[in-house]
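Chemist: Structure: target28.txt, compact mmCIF, C-alpha atoms (C1' of nucleotides).
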```txt
# COMPACT_ATOMS: atom_id res chain seq x y z
CA MET O 1 69.68 106.52 123.36
CA HIS O 2 68.96 106.03 119.70
CA ASP O 3 71.68 108.39 118.56
CA GLY O 4 71.90 106.00 115.64
CA ILE O 5 73.37 107.46 112.52
CA SER O 6 73.35 105.90 109.09
CA ILE O 7 76.33 104.38 107.35
CA GLY O 8 76.43 107.31 104.95
CA GLN O 9 76.62 109.79 107.81
CA ALA O 10 79.20 107.67 109.59
CA SER O 11 81.21 107.67 106.40
CA ALA O 12 81.00 111.44 106.03
CA ALA O 13 81.88 111.99 109.68
CA SER O 14 84.81 109.60 109.80
CA GLY O 15 86.15 109.93 106.29
CA VAL O 16 85.98 106.18 105.77
CA LYS O 17 84.08 105.13 102.65
CA VAL O 18 80.76 103.35 102.99
CA THR O 19 82.01 100.20 101.30
CA THR O 20 85.14 100.23 103.43
CA ILE O 21 83.08 100.46 106.62
CA ARG O 22 81.16 97.37 105.57
CA TYR O 23 84.44 95.69 104.77
CA TYR O 24 85.82 96.49 108.23
CA GLU O 25 82.73 94.97 109.75
CA GLN O 26 83.16 91.90 107.59
CA VAL O 27 86.74 91.31 108.68
CA GLY O 28 85.85 91.86 112.31
CA LEU O 29 87.61 95.16 112.82
CA LEU O 30 84.32 96.75 113.74
CA ALA O 31 81.61 95.02 115.73
CA ALA O 32 78.43 94.45 113.76
CA PRO O 33 76.26 97.45 114.58
CA GLU O 34 72.58 97.37 115.41
CA ARG O 35 70.05 97.51 112.63
CA THR O 36 66.83 99.37 112.09
CA GLU O 37 63.58 97.60 111.29
CA GLY O 38 64.43 98.08 107.66
CA ASN O 39 67.76 96.28 108.12
CA ARG O 40 69.96 99.36 107.95
CA ARG O 41 73.03 99.67 110.12
CA THR O 42 72.95 102.27 112.84
CA PHE O 43 76.16 103.58 114.32
CA ASP O 44 76.77 105.39 117.56
CA GLU O 45 79.51 107.61 118.96
CA ARG O 46 81.71 104.69 119.94
CA ASP O 47 81.60 103.33 116.42
CA LEU O 48 82.57 106.72 115.09
CA ASP O 49 85.51 106.86 117.47
CA ARG O 50 86.63 103.45 116.31
CA LEU O 51 86.36 104.45 112.68
CA THR O 52 88.41 107.54 113.32
CA PHE O 53 90.99 105.49 115.18
CA ILE O 54 91.19 103.06 112.29
CA ARG O 55 91.41 105.77 109.70
CA HIS O 56 94.14 107.55 111.55
CA SER O 57 96.07 104.33 112.04
CA ARG O 58 95.74 103.40 108.38
CA GLY O 59 96.93 106.90 107.54
CA LEU O 60 100.05 106.12 109.55
CA GLY O 61 100.46 102.91 107.62
CA PHE O 62 99.55 100.30 110.22
CA ASP O 63 98.09 97.15 108.76
CA LEU O 64 94.71 95.82 109.79
CA ASP O 65 96.20 93.16 112.03
CA GLY O 66 98.19 95.75 113.92
CA ILE O 67 95.12 97.94 114.21
CA ARG O 68 93.12 95.04 115.55
CA THR O 69 95.66 94.65 118.33
CA LEU O 70 95.79 98.37 118.96
CA LEU O 71 92.02 98.52 119.22
CA SER O 72 91.89 95.64 121.65
CA LEU O 73 94.53 97.37 123.74
CA GLN O 74 92.48 100.53 123.78
CA ASP O 75 89.67 98.52 125.27
CA ALA O 76 91.90 97.30 128.11
CA PRO O 77 93.24 100.48 129.69
CA LYS O 78 94.82 98.76 132.70
CA GLN O 79 97.08 96.65 130.59
CA SER O 80 100.70 97.52 129.90
CA CYS O 81 101.18 99.50 126.75
CA ALA O 82 104.36 97.67 125.83
CA GLU O 83 102.69 95.97 122.92
CA ALA O 84 101.31 99.20 121.48
CA ASP O 85 104.73 100.66 121.90
CA SER O 86 106.40 97.84 120.04
CA ILE O 87 103.89 97.91 117.19
CA ALA O 88 104.54 101.61 116.76
CA LYS O 89 108.28 101.10 116.96
CA ALA O 90 108.20 98.38 114.34
CA ARG O 91 106.20 100.67 112.11
CA LEU O 92 108.70 103.46 112.68
CA ALA O 93 111.61 101.22 111.77
CA ASP O 94 109.76 100.18 108.64
CA VAL O 95 109.11 103.77 107.64
CA GLU O 96 112.74 104.68 108.18
CA GLN O 97 113.88 101.76 106.08
CA ARG O 98 111.49 102.75 103.36
CA ILE O 99 112.67 106.34 103.34
CA THR O 100 116.25 105.18 102.94
CA SER O 101 115.31 103.00 99.98
CA LEU O 102 113.24 105.69 98.35
CA VAL O 103 115.97 108.28 98.68
CA ALA O 104 118.37 105.94 96.87
CA LEU O 105 115.71 105.33 94.23
CA LYS O 106 115.18 109.04 93.81
CA ALA O 107 118.89 109.60 93.19
CA GLU O 108 118.94 106.86 90.60
CA LEU O 109 115.83 108.10 88.83
CA GLU O 110 117.18 111.63 88.76
CA ARG O 111 120.38 110.41 87.20
CA MET O 112 118.33 108.70 84.53
CA VAL O 113 116.04 111.58 83.81
CA VAL O 114 118.71 114.28 83.90
CA GLY O 115 121.01 112.23 81.69
CA CYS O 116 118.38 111.81 79.02
CA SER O 117 119.12 113.99 76.02
CA HIS O 118 115.61 113.60 74.66
CA GLY O 119 116.71 112.05 71.43
CA ARG O 120 116.16 108.56 70.13
CA VAL O 121 115.79 105.43 72.19
CA GLU O 122 119.16 104.13 71.01
CA ASN O 123 120.88 106.86 72.98
CA CYS O 124 118.40 107.12 75.80
CA ARG O 125 119.96 107.19 79.20
CA VAL O 126 116.78 105.88 80.80
CA ILE O 127 116.63 102.71 78.75
CA GLU O 128 120.37 102.29 78.89
CA ILE O 129 120.57 102.31 82.66
CA LEU O 130 117.60 100.01 83.00
CA ALA O 131 119.15 97.55 80.60
CA ASP O 132 122.51 97.47 82.30
CA HIS O 133 122.52 97.25 86.01
CA GLY O 134 126.26 97.73 85.97
CA LYS O 135 125.66 101.38 85.07
CA CYS O 136 123.64 101.85 88.18
CA ARG O 137 125.19 103.64 91.14
CA HIS O 138 123.03 102.20 93.83
CA HIS O 139 123.32 98.49 93.55
CA GLN O 140 121.54 97.90 96.80
CA HIS O 141 118.18 98.91 95.40
CA ALA O 142 117.94 95.83 93.28
CA GLU O 143 118.72 93.62 96.22
CA GLN O 144 115.67 94.00 98.32
CA VAL O 145 114.30 97.43 97.79
CA LEU O 146 111.30 95.73 96.31
CA LEU O 147 109.53 97.41 99.14
CA PRO O 148 106.88 95.48 100.98
CA PRO O 149 103.25 96.13 100.08
CA SER O 150 103.04 99.80 101.10
CA PRO O 151 102.22 102.56 102.79
CA MET J 1 122.95 78.07 68.92
CA HIS J 2 121.47 75.99 71.67
CA ASP J 3 122.84 78.13 74.45
CA GLY J 4 119.61 77.14 76.18
CA ILE J 5 119.67 77.45 79.92
CA SER J 6 117.04 76.11 82.28
CA ILE J 7 114.55 78.21 84.18
CA GLY J 8 116.43 77.52 87.38
CA GLN J 9 119.66 78.80 85.91
CA ALA J 10 117.90 81.80 84.41
CA SER J 11 116.49 82.50 87.83
CA ALA J 12 119.87 82.28 89.51
CA ALA J 13 121.49 84.43 86.85
CA SER J 14 118.85 87.14 86.82
CA GLY J 15 117.73 87.11 90.41
CA VAL J 16 114.10 86.63 89.39
CA LYS J 17 112.37 83.71 91.06
CA VAL J 18 111.38 80.70 89.01
CA THR J 19 107.68 81.16 89.68
CA THR J 20 107.94 84.84 88.88
CA ILE J 21 109.57 84.11 85.53
CA ARG J 22 106.68 81.84 84.64
CA TYR J 23 104.31 84.56 85.77
CA TYR J 24 106.01 87.13 83.53
CA GLU J 25 105.62 84.79 80.61
CA GLN J 26 101.98 84.31 81.46
CA VAL J 27 101.22 88.02 81.49
CA GLY J 28 103.12 88.57 78.27
CA LEU J 29 106.06 90.48 79.67
CA LEU J 30 108.37 87.79 78.39
CA ALA J 31 107.91 85.95 75.12
CA ALA J 32 107.22 82.24 75.53
CA PRO J 33 110.64 80.59 75.26
CA GLU J 34 111.46 77.46 73.32
CA ARG J 35 111.07 74.10 74.97
CA THR J 36 113.14 70.95 75.11
CA GLU J 37 111.77 67.57 74.08
CA GLY J 38 110.86 67.06 77.68
CA ASN J 39 108.78 70.26 77.66
CA ARG J 40 111.20 72.35 79.69
CA ARG J 41 111.70 76.01 78.92
CA THR J 42 115.06 77.02 77.52
CA PHE J 43 116.24 80.59 77.78
CA ASP J 44 118.94 82.40 75.86
CA GLU J 45 121.01 85.53 76.39
CA ARG J 46 118.29 87.87 75.17
CA ASP J 47 115.85 86.42 77.65
CA LEU J 48 118.37 86.94 80.40
CA ASP J 49 118.83 90.55 79.37
CA ARG J 50 115.10 91.07 79.47
CA LEU J 51 114.82 89.49 82.87
CA THR J 52 117.57 91.71 84.19
CA PHE J 53 115.89 94.75 82.67
CA ILE J 54 112.62 93.81 84.32
CA ARG J 55 114.22 93.12 87.65
CA HIS J 56 116.07 96.39 87.63
CA SER J 57 112.94 98.28 86.63
CA ARG J 58 110.88 96.59 89.34
CA GLY J 59 113.64 97.46 91.78
CA LEU J 60 113.10 101.08 90.81
CA GLY J 61 109.41 100.66 91.39
CA PHE J 62 108.02 100.73 87.87
CA ASP J 63 104.83 98.77 87.44
CA LEU J 64 104.47 95.96 84.93
CA ASP J 65 102.56 98.13 82.49
CA GLY J 66 105.29 100.74 82.51
CA ILE J 67 107.89 98.04 82.06
CA ARG J 68 105.98 96.61 79.13
CA THR J 69 106.18 99.99 77.43
CA LEU J 70 109.81 100.44 78.34
CA LEU J 71 110.64 97.04 76.90
CA SER J 72 108.82 97.73 73.67
CA LEU J 73 110.71 101.01 73.39
CA GLN J 74 113.97 99.20 73.86
CA ASP J 75 113.08 97.10 70.86
CA ALA J 76 112.53 100.19 68.71
CA PRO J 77 115.81 102.11 68.99
CA LYS J 78 114.96 104.66 66.29
CA GLN J 79 111.93 105.92 68.09
CA SER J 80 111.93 109.05 70.20
CA CYS J 81 112.62 108.38 73.83
CA ALA J 82 110.10 110.95 75.03
CA GLU J 83 107.82 108.25 76.35
CA ALA J 84 110.54 106.53 78.32
CA ASP J 85 111.47 109.90 79.66
CA SER J 86 107.96 110.67 80.78
CA ILE J 87 107.48 107.29 82.42
CA ALA J 88 110.67 107.81 84.39
CA LYS J 89 109.66 111.36 85.30
CA ALA J 90 106.26 110.22 86.52
CA ARG J 91 107.96 107.60 88.61
CA LEU J 92 110.33 110.18 90.01
CA ALA J 93 107.47 112.48 90.96
CA ASP J 94 105.76 109.56 92.65
CA VAL J 95 108.86 108.67 94.63
CA GLU J 96 109.30 112.28 95.73
CA GLN J 97 105.70 112.46 96.85
CA ARG J 98 106.11 109.26 98.77
CA ILE J 99 109.24 110.46 100.50
CA THR J 100 107.45 113.61 101.62
CA SER J 101 104.60 111.58 103.07
CA LEU J 102 106.88 109.13 104.78
CA VAL J 103 108.95 111.85 106.37
CA ALA J 104 105.78 113.34 107.87
CA LEU J 105 104.77 109.88 109.05
CA LYS J 106 108.14 109.33 110.61
CA ALA J 107 107.85 112.54 112.61
CA GLU J 108 104.42 111.56 113.83
CA LEU J 109 105.48 108.06 114.79
CA GLU J 110 108.52 109.40 116.62
CA ARG J 111 106.35 111.73 118.60
CA MET J 112 104.19 108.79 119.57
CA VAL J 113 107.00 106.47 120.50
CA VAL J 114 109.07 109.04 122.34
CA GLY J 115 106.05 110.28 124.25
CA CYS J 116 105.22 106.83 125.52
CA SER J 117 106.12 106.46 129.16
CA HIS J 118 105.84 102.67 129.02
CA GLY J 119 103.13 102.47 131.58
CA ARG J 120 99.54 101.39 131.23
CA VAL J 121 97.41 101.73 128.17
CA GLU J 122 95.25 104.37 129.84
CA ASN J 123 98.19 106.79 129.73
CA CYS J 124 99.75 105.54 126.55
CA ARG J 125 100.69 108.26 124.17
CA VAL J 126 100.55 105.90 121.22
CA ILE J 127 96.94 104.90 121.77
CA GLU J 128 96.00 108.42 122.76
CA ILE J 129 97.24 110.00 119.57
CA LEU J 130 95.71 107.32 117.40
CA ALA J 131 92.37 107.81 119.09
CA ASP J 132 92.33 111.54 118.75
CA HIS J 133 93.36 112.92 115.45
CA GLY J 134 93.21 116.42 116.90
CA LYS J 135 96.38 115.62 118.84
CA CYS J 136 98.18 114.92 115.65
CA ARG J 137 100.57 117.52 114.30
CA HIS J 138 100.52 116.44 110.70
CA HIS J 139 96.93 116.52 109.66
CA GLN J 140 97.73 116.07 106.03
CA HIS J 141 98.78 112.46 106.49
CA ALA J 142 95.24 111.34 107.12
CA GLU J 143 94.08 113.04 103.99
CA GLN J 144 95.66 110.95 101.32
CA VAL J 145 98.86 109.56 102.58
CA LEU J 146 97.30 106.18 102.19
CA LEU J 147 100.09 105.66 99.75
CA PRO J 148 99.34 103.87 96.51
CA PRO J 149 100.17 100.18 96.23
CA SER J 150 103.93 100.68 96.51
CA PRO J 151 106.82 99.37 94.56
C1' DC W 1 48.29 108.29 96.94
C1' DG W 2 51.70 107.33 93.42
C1' DT W 3 56.13 107.83 91.75
C1' DA W 4 60.80 109.05 91.24
C1' DC W 5 65.15 108.74 93.17
C1' DA W 6 68.62 108.39 96.69
C1' DA W 7 70.56 105.57 99.94
C1' DC W 8 70.79 101.35 101.66
C1' DC W 9 71.21 96.02 101.48
C1' DT W 10 73.84 91.34 100.01
C1' DC W 11 76.84 88.82 97.36
C1' DC W 12 80.43 88.16 94.21
C1' DA W 13 84.29 89.43 91.06
C1' DG W 14 88.37 92.02 90.32
C1' DC W 15 92.70 94.73 91.29
C1' DC W 16 98.30 94.11 91.60
C1' DA W 17 102.28 91.31 91.52
C1' DC W 18 103.14 87.71 93.05
C1' DT W 19 103.39 83.25 96.08
C1' DA W 20 102.25 78.65 97.55
C1' DG W 21 100.61 74.21 97.01
C1' DA W 22 98.78 69.98 94.77
C1' DG W 23 99.82 66.47 91.82
C1' DG W 24 102.57 64.68 88.33
C1' DA W 25 106.65 64.02 84.79
C1' DG W 26 111.58 64.08 83.52
C1' DC W 27 116.27 63.34 84.41
C1' DA W 28 120.99 62.53 86.47
C1' DA W 29 123.73 60.24 89.94
C1' DG W 30 124.64 56.42 92.88
C1' DC Z 1 116.32 50.89 90.03
C1' DT Z 2 115.65 54.09 93.24
C1' DT Z 3 116.36 58.48 95.26
C1' DG Z 4 115.81 63.12 95.00
C1' DC Z 5 115.97 67.18 92.45
C1' DT Z 6 114.11 70.15 89.00
C1' DC Z 7 110.66 70.95 86.16
C1' DC Z 8 105.64 71.05 84.43
C1' DT Z 9 100.45 72.80 84.81
C1' DC Z 10 96.76 74.46 87.28
C1' DT Z 11 94.36 76.61 91.01
C1' DA Z 12 93.79 79.43 94.93
C1' DG Z 13 95.32 82.73 98.24
C1' DT Z 14 97.52 87.29 99.84
C1' DG Z 15 95.98 92.67 101.55
C1' DG Z 16 92.95 96.12 101.56
C1' DC Z 17 89.94 97.41 99.51
C1' DT Z 18 86.72 98.73 95.11
C1' DG Z 19 83.01 98.17 91.85
C1' DG Z 20 78.97 96.19 90.00
C1' DA Z 21 74.61 93.55 89.75
C1' DG Z 22 70.29 93.19 91.42
C1' DG Z 23 67.10 94.04 95.05
C1' DT Z 24 64.81 96.72 99.21
C1' DT Z 25 63.74 100.84 101.98
C1' DG Z 26 62.99 105.52 102.93
C1' DT Z 27 61.82 110.18 101.59
C1' DA Z 28 60.31 114.25 98.94
C1' DC Z 29 57.31 116.02 95.73
C1' DG Z 30 53.18 116.49 92.89
```
Represent the supplied structure as structure tokens.

Modeler:
Amino acid sequence: MHDGISIGQASAASGVKVTTIRYYEQVGLLAAPERTEGNRRTFDERDLDRLTFIRHSRGLGFDLDGIRTLLSLQDAPKQSCAEADSIAKARLADVEQRITSLVALKAELERMVVGCSHGRVENCRVIEILADHGKCRHHQHAEQVLLPPSP
Amino acid sequence: MHDGISIGQASAASGVKVTTIRYYEQVGLLAAPERTEGNRRTFDERDLDRLTFIRHSRGLGFDLDGIRTLLSLQDAPKQSCAEADSIAKARLADVEQRITSLVALKAELERMVVGCSHGRVENCRVIEILADHGKCRHHQHAEQVLLPPSP
DNA sequence: CGTACAACCTCCAGCCACTAGAGGAGCAAG
DNA sequence: CTTGCTCCTCTAGTGGCTGGAGGTTGTACG
């Protein structure tokens, strides 16, 4: 029993910041933990596992909605894992798409930086390419490489 | 003179959405354009050039602050382009960092997805790996691959 | 026992770069 | 004159936190 640890200890153990833990509770990603007499949260092993799960998932770029689903799946071990599979696959496709975009971006940025002769702005390759999209090799990046909100 | 085009036309020509153009004006990225009698904005060629510059820069992932600086440099052609150069270089470094992270993520996600035998959650590789960070090959991704806000 | 100080609590505002919606005015074509 | 489009302003919401104000609780030391 009473293996209750404080939010600070939970934070140190899981690597999730104190404020972020409270935020996760607020948005229902984490069940509201028990409290001490003095109104402090006390976490147990299960909470720590959840926090680690969340942190790892966030590290892999899943959004909180996806993680919510993943967590609920974890709690239902007899269910088919098709949904978990498809969430992960969607994430993988997203990551691949993003890599492709970023590699094109990298090429373009390198062209800009390498071409810059470090003189005055009027001859600057960086400004010049930005100003004139026609001088840009990778037209696709302007189309919809405005990559979605990250990671 | 009066080559004034409407915000809708400016949007179509530059590829920047109408609401976004108004937003750029609001945050001072674009000077407030003239208005017609009926209070409609009228844009000219210079505005269009700026919009294109901004769109291209955003496409390359520069943030609005960086773009503000880049734009002000463009207006001062006699100045040294060192600052433009360093903004672009910083962006390049960022993109390279991001690619590295994403490639590690991709590997991890592939391992999860490929390992999944499409059965029940209790044997699901996806859930299993998320739950136990020790089973993860690429430990670094949990460290700080929570990539910054993105392009 | 008092007191300093850390760690905790709640609530609210702010970040970025937009995006969406309400509610209304202007304008051209039929 | 009416329909329907574009435009206007203003406000609030998005995601995933982060930071601060202002207050309470717990602990270590003298």

Chemist: Could you state the separation of atom C1' of DC8 of chain W and atom C1' of DG15 of chain Z in Å, given to one decimal place?

Modeler: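 Going from atom C1' of DC8 of chain W over to atom C1' of DG15 of chain Z covers 26.6 Å.
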
Chemist: Residues of chain Z no more than 9 Å from chain J, counting only C-alpha atoms (C1' of nucleotides): send them over as a count of residues only.

Modeler: 3

Chemist: Pick out the closest residue to DT19 of chain W from this set: J:Thr20, J:Ala10, J:Gly119, J:Ile5. Count all atoms listed in the file.

Modeler: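 Selected residue with least distance to DT19 of chain W: J:Thr20.
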
Chemist: With chain O held fixed, move chain J onto it by a least-squares fit of all C-alpha atoms in order and give the output as a tab-separated table (two decimals) with C-alpha atoms, in the frame of the given file.

Modeler:
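Result saved to part_35.tsv:
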```tsv
chain	number	residue	atom	x	y	z
J	1	MET	CA	69.78	106.47	123.26
J	2	HIS	CA	69.01	106.07	119.61
J	3	ASP	CA	71.71	108.43	118.46
J	4	GLY	CA	71.90	106.05	115.51
J	5	ILE	CA	73.43	107.51	112.41
J	6	SER	CA	73.40	105.92	108.98
J	7	ILE	CA	76.39	104.37	107.28
J	8	GLY	CA	76.52	107.29	104.89
J	9	GLN	CA	76.70	109.77	107.72
J	10	ALA	CA	79.26	107.65	109.54
J	11	SER	CA	81.28	107.64	106.37
J	12	ALA	CA	81.10	111.39	105.97
J	13	ALA	CA	81.94	111.96	109.62
J	14	SER	CA	84.87	109.57	109.76
J	15	GLY	CA	86.23	109.87	106.27
J	16	VAL	CA	86.03	106.11	105.75
J	17	LYS	CA	84.15	105.05	102.64
J	18	VAL	CA	80.83	103.29	102.96
J	19	THR	CA	82.08	100.12	101.30
J	20	THR	CA	85.18	100.16	103.45
J	21	ILE	CA	83.12	100.40	106.62
J	22	ARG	CA	81.18	97.33	105.58
J	23	TYR	CA	84.46	95.63	104.81
J	24	TYR	CA	85.82	96.43	108.28
J	25	GLU	CA	82.73	94.92	109.80
J	26	GLN	CA	83.16	91.85	107.66
J	27	VAL	CA	86.73	91.25	108.76
J	28	GLY	CA	85.86	91.83	112.39
J	29	LEU	CA	87.63	95.13	112.88
J	30	LEU	CA	84.33	96.73	113.76
J	31	ALA	CA	81.60	95.03	115.75
J	32	ALA	CA	78.40	94.45	113.79
J	33	PRO	CA	76.23	97.48	114.56
J	34	GLU	CA	72.54	97.44	115.35
J	35	ARG	CA	70.04	97.60	112.55
J	36	THR	CA	66.83	99.49	111.95
J	37	GLU	CA	63.57	97.75	111.13
J	38	GLY	CA	64.45	98.23	107.52
J	39	ASN	CA	67.75	96.38	108.02
J	40	ARG	CA	69.98	99.44	107.86
J	41	ARG	CA	73.04	99.71	110.05
J	42	THR	CA	72.97	102.33	112.77
J	43	PHE	CA	76.18	103.61	114.27
J	44	ASP	CA	76.78	105.45	117.51
J	45	GLU	CA	79.53	107.65	118.91
J	46	ARG	CA	81.73	104.73	119.92
J	47	ASP	CA	81.61	103.35	116.42
J	48	LEU	CA	82.61	106.73	115.08
J	49	ASP	CA	85.54	106.87	117.47
J	50	ARG	CA	86.65	103.46	116.32
J	51	LEU	CA	86.37	104.42	112.69
J	52	THR	CA	88.44	107.52	113.30
J	53	PHE	CA	91.02	105.48	115.18
J	54	ILE	CA	91.22	103.03	112.30
J	55	ARG	CA	91.45	105.74	109.70
J	56	HIS	CA	94.18	107.53	111.56
J	57	SER	CA	96.10	104.31	112.07
J	58	ARG	CA	95.77	103.36	108.41
J	59	GLY	CA	96.95	106.85	107.55
J	60	LEU	CA	100.07	106.09	109.55
J	61	GLY	CA	100.47	102.87	107.65
J	62	PHE	CA	99.58	100.27	110.25
J	63	ASP	CA	98.13	97.10	108.82
J	64	LEU	CA	94.74	95.76	109.83
J	65	ASP	CA	96.24	93.13	112.10
J	66	GLY	CA	98.23	95.74	113.97
J	67	ILE	CA	95.15	97.91	114.24
J	68	ARG	CA	93.15	95.01	115.60
J	69	THR	CA	95.68	94.65	118.39
J	70	LEU	CA	95.82	98.37	118.99
J	71	LEU	CA	92.05	98.52	119.25
J	72	SER	CA	91.90	95.64	121.69
J	73	LEU	CA	94.54	97.38	123.79
J	74	GLN	CA	92.50	100.53	123.81
J	75	ASP	CA	89.68	98.53	125.32
J	76	ALA	CA	91.92	97.30	128.15
J	77	PRO	CA	93.27	100.50	129.72
J	78	LYS	CA	94.86	98.77	132.72
J	79	GLN	CA	97.12	96.66	130.61
J	80	SER	CA	100.74	97.53	129.95
J	81	CYS	CA	101.22	99.50	126.79
J	82	ALA	CA	104.42	97.68	125.86
J	83	GLU	CA	102.72	95.99	122.94
J	84	ALA	CA	101.35	99.20	121.52
J	85	ASP	CA	104.78	100.65	121.92
J	86	SER	CA	106.43	97.83	120.06
J	87	ILE	CA	103.92	97.91	117.22
J	88	ALA	CA	104.55	101.61	116.79
J	89	LYS	CA	108.32	101.11	116.98
J	90	ALA	CA	108.22	98.38	114.35
J	91	ARG	CA	106.21	100.67	112.14
J	92	LEU	CA	108.70	103.45	112.69
J	93	ALA	CA	111.61	101.21	111.76
J	94	ASP	CA	109.74	100.18	108.64
J	95	VAL	CA	109.08	103.77	107.64
J	96	GLU	CA	112.73	104.68	108.17
J	97	GLN	CA	113.85	101.77	106.06
J	98	ARG	CA	111.46	102.78	103.35
J	99	ILE	CA	112.65	106.36	103.35
J	100	THR	CA	116.24	105.20	102.95
J	101	SER	CA	115.30	103.04	99.98
J	102	LEU	CA	113.24	105.73	98.36
J	103	VAL	CA	115.96	108.31	98.69
J	104	ALA	CA	118.36	105.97	96.88
J	105	LEU	CA	115.71	105.38	94.23
J	106	LYS	CA	115.18	109.07	93.81
J	107	ALA	CA	118.88	109.63	93.18
J	108	GLU	CA	118.93	106.88	90.60
J	109	LEU	CA	115.83	108.13	88.83
J	110	GLU	CA	117.20	111.67	88.77
J	111	ARG	CA	120.38	110.45	87.19
J	112	MET	CA	118.32	108.73	84.53
J	113	VAL	CA	116.03	111.63	83.81
J	114	VAL	CA	118.70	114.30	83.87
J	115	GLY	CA	120.98	112.24	81.66
J	116	CYS	CA	118.34	111.85	79.00
J	117	SER	CA	119.07	114.04	76.02
J	118	HIS	CA	115.55	113.63	74.64
J	119	GLY	CA	116.66	112.06	71.44
J	120	ARG	CA	116.12	108.57	70.13
J	121	VAL	CA	115.75	105.46	72.18
J	122	GLU	CA	119.11	104.15	70.99
J	123	ASN	CA	120.84	106.90	72.98
J	124	CYS	CA	118.36	107.13	75.79
J	125	ARG	CA	119.94	107.19	79.18
J	126	VAL	CA	116.78	105.90	80.80
J	127	ILE	CA	116.62	102.73	78.74
J	128	GLU	CA	120.37	102.31	78.87
J	129	ILE	CA	120.56	102.32	82.64
J	130	LEU	CA	117.59	100.02	83.00
J	131	ALA	CA	119.15	97.56	80.60
J	132	ASP	CA	122.51	97.50	82.27
J	133	HIS	CA	122.51	97.26	85.98
J	134	GLY	CA	126.27	97.75	85.98
J	135	LYS	CA	125.67	101.39	85.07
J	136	CYS	CA	123.66	101.86	88.17
J	137	ARG	CA	125.24	103.64	91.11
J	138	HIS	CA	123.03	102.22	93.81
J	139	HIS	CA	123.34	98.51	93.53
J	140	GLN	CA	121.57	97.89	96.77
J	141	HIS	CA	118.21	98.94	95.39
J	142	ALA	CA	117.95	95.86	93.23
J	143	GLU	CA	118.66	93.66	96.18
J	144	GLN	CA	115.57	94.08	98.25
J	145	VAL	CA	114.19	97.48	97.72
J	146	LEU	CA	111.17	95.80	96.28
J	147	LEU	CA	109.42	97.47	99.13
J	148	PRO	CA	106.79	95.52	101.02
J	149	PRO	CA	103.14	96.09	100.17
J	150	SER	CA	103.09	99.69	101.38
J	151	PRO	CA	100.76	101.61	103.55
```

Chemist: Between W:DC9, W:DA20, W:DC15, W:DA25, single out the one closest to DT25 of chain Z, counting only C-alpha atoms (C1' of nucleotides).

Modeler: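 Between W:DC9, W:DA20, W:DC15, W:DA25, the residue approaching DT25 of chain Z most closely is W:DC9.
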
Chemist: Have a look at atom CA of Gln26 of chain J and atom CA of Leu60 of chain J and let me know their distance in Å, one decimal.

Modeler: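 The value is 22.2 Å.
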
Chemist: Quote the spacing between atom CA of Met112 of chain J and atom CA of Ala131 of chain J in Å to one decimal place.

Modeler: 11.9 Å

Chemist: Can you list, as an MDAnalysis selection string, every protein, DNA or RNA residue that comes within 10 Å of Ile127 of chain J when you count only C-alpha atoms (C1' of nucleotides), leaving out same-chain residues fewer than 6 positions away?

Modeler: (chainID O and resid 53 57 70:71 73:74 77 81 84:85 88) or (chainID J and resid 112 116 121)

Chemist: Take the selection from the previous step and output its residues with C-alpha atoms, as a PDB file, in the frame of the given file.

Modeler:
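File produced: part04.pdb:
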```pdb
ATOM      1  CA  PHE O  53      90.990 105.490 115.180  1.00  0.00           C
ATOM      2  CA  SER O  57      96.070 104.330 112.040  1.00  0.00           C
ATOM      3  CA  LEU O  70      95.790  98.370 118.960  1.00  0.00           C
ATOM      4  CA  LEU O  71      92.020  98.520 119.220  1.00  0.00           C
ATOM      5  CA  LEU O  73      94.530  97.370 123.740  1.00  0.00           C
ATOM      6  CA  GLN O  74      92.480 100.530 123.780  1.00  0.00           C
ATOM      7  CA  PRO O  77      93.240 100.480 129.690  1.00  0.00           C
ATOM      8  CA  CYS O  81     101.180  99.500 126.750  1.00  0.00           C
ATOM      9  CA  ALA O  84     101.310  99.200 121.480  1.00  0.00           C
ATOM     10  CA  ASP O  85     104.730 100.660 121.900  1.00  0.00           C
ATOM     11  CA  ALA O  88     104.540 101.610 116.760  1.00  0.00           C
TER      12      ALA O  88
ATOM     13  CA  MET J 112     104.190 108.790 119.570  1.00  0.00           C
ATOM     14  CA  CYS J 116     105.220 106.830 125.520  1.00  0.00           C
ATOM     15  CA  VAL J 121      97.410 101.730 128.170  1.00  0.00           C
TER      16      VAL J 121
END
```

Chemist: Considering only C-alpha atoms, state which residue in the set O:Val18, O:Ala104, O:Ile99, O:Ile87 is at the smallest distance from chain J.

Modeler: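 When distances to chain J are compared using only C-alpha atoms, the smallest one comes from O:Ile99.
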
Chemist: Could you check the closest approach to chain W for each of J:Leu64, J:Leu130, J:Leu30, J:Ala12 and tell me which residue wins, using all atoms listed in the file?

Modeler: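 Checking each candidate against chain W, we get J:Leu64 as the closest.
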
Chemist: For chain J, list the residues within 12 Å of chain W, counting only C-alpha atoms (C1' of nucleotides), and write the list as a PyMOL selection string.

Modeler: chain J and resi 16-24+27+36-40+58+61-65+148-151

Chemist: Could you list, as a PyMOL selection string, every residue within 12 Å of Glu110 of chain J, counting all atoms listed in the file and ignoring same-chain residues fewer than 6 positions away?

Modeler: (chain O and resi 60+85+88-93+95-96) or (chain J and resi 102-104+116+125-126+129+136-137)

Chemist: Rank O:Gln9, O:Ser72, O:Ser14, O:Gln79 by their smallest atom-to-atom distance to chain J, using all atoms listed in the file, and report the top residue only.

Modeler: O:Gln79

Chemist: Out of J:Thr100, J:Ser117, J:Gly59, J:Ala13, which residue has the shortest atom-to-atom distance to chain O when counting all atoms listed in the file?

Modeler: J:Gly59
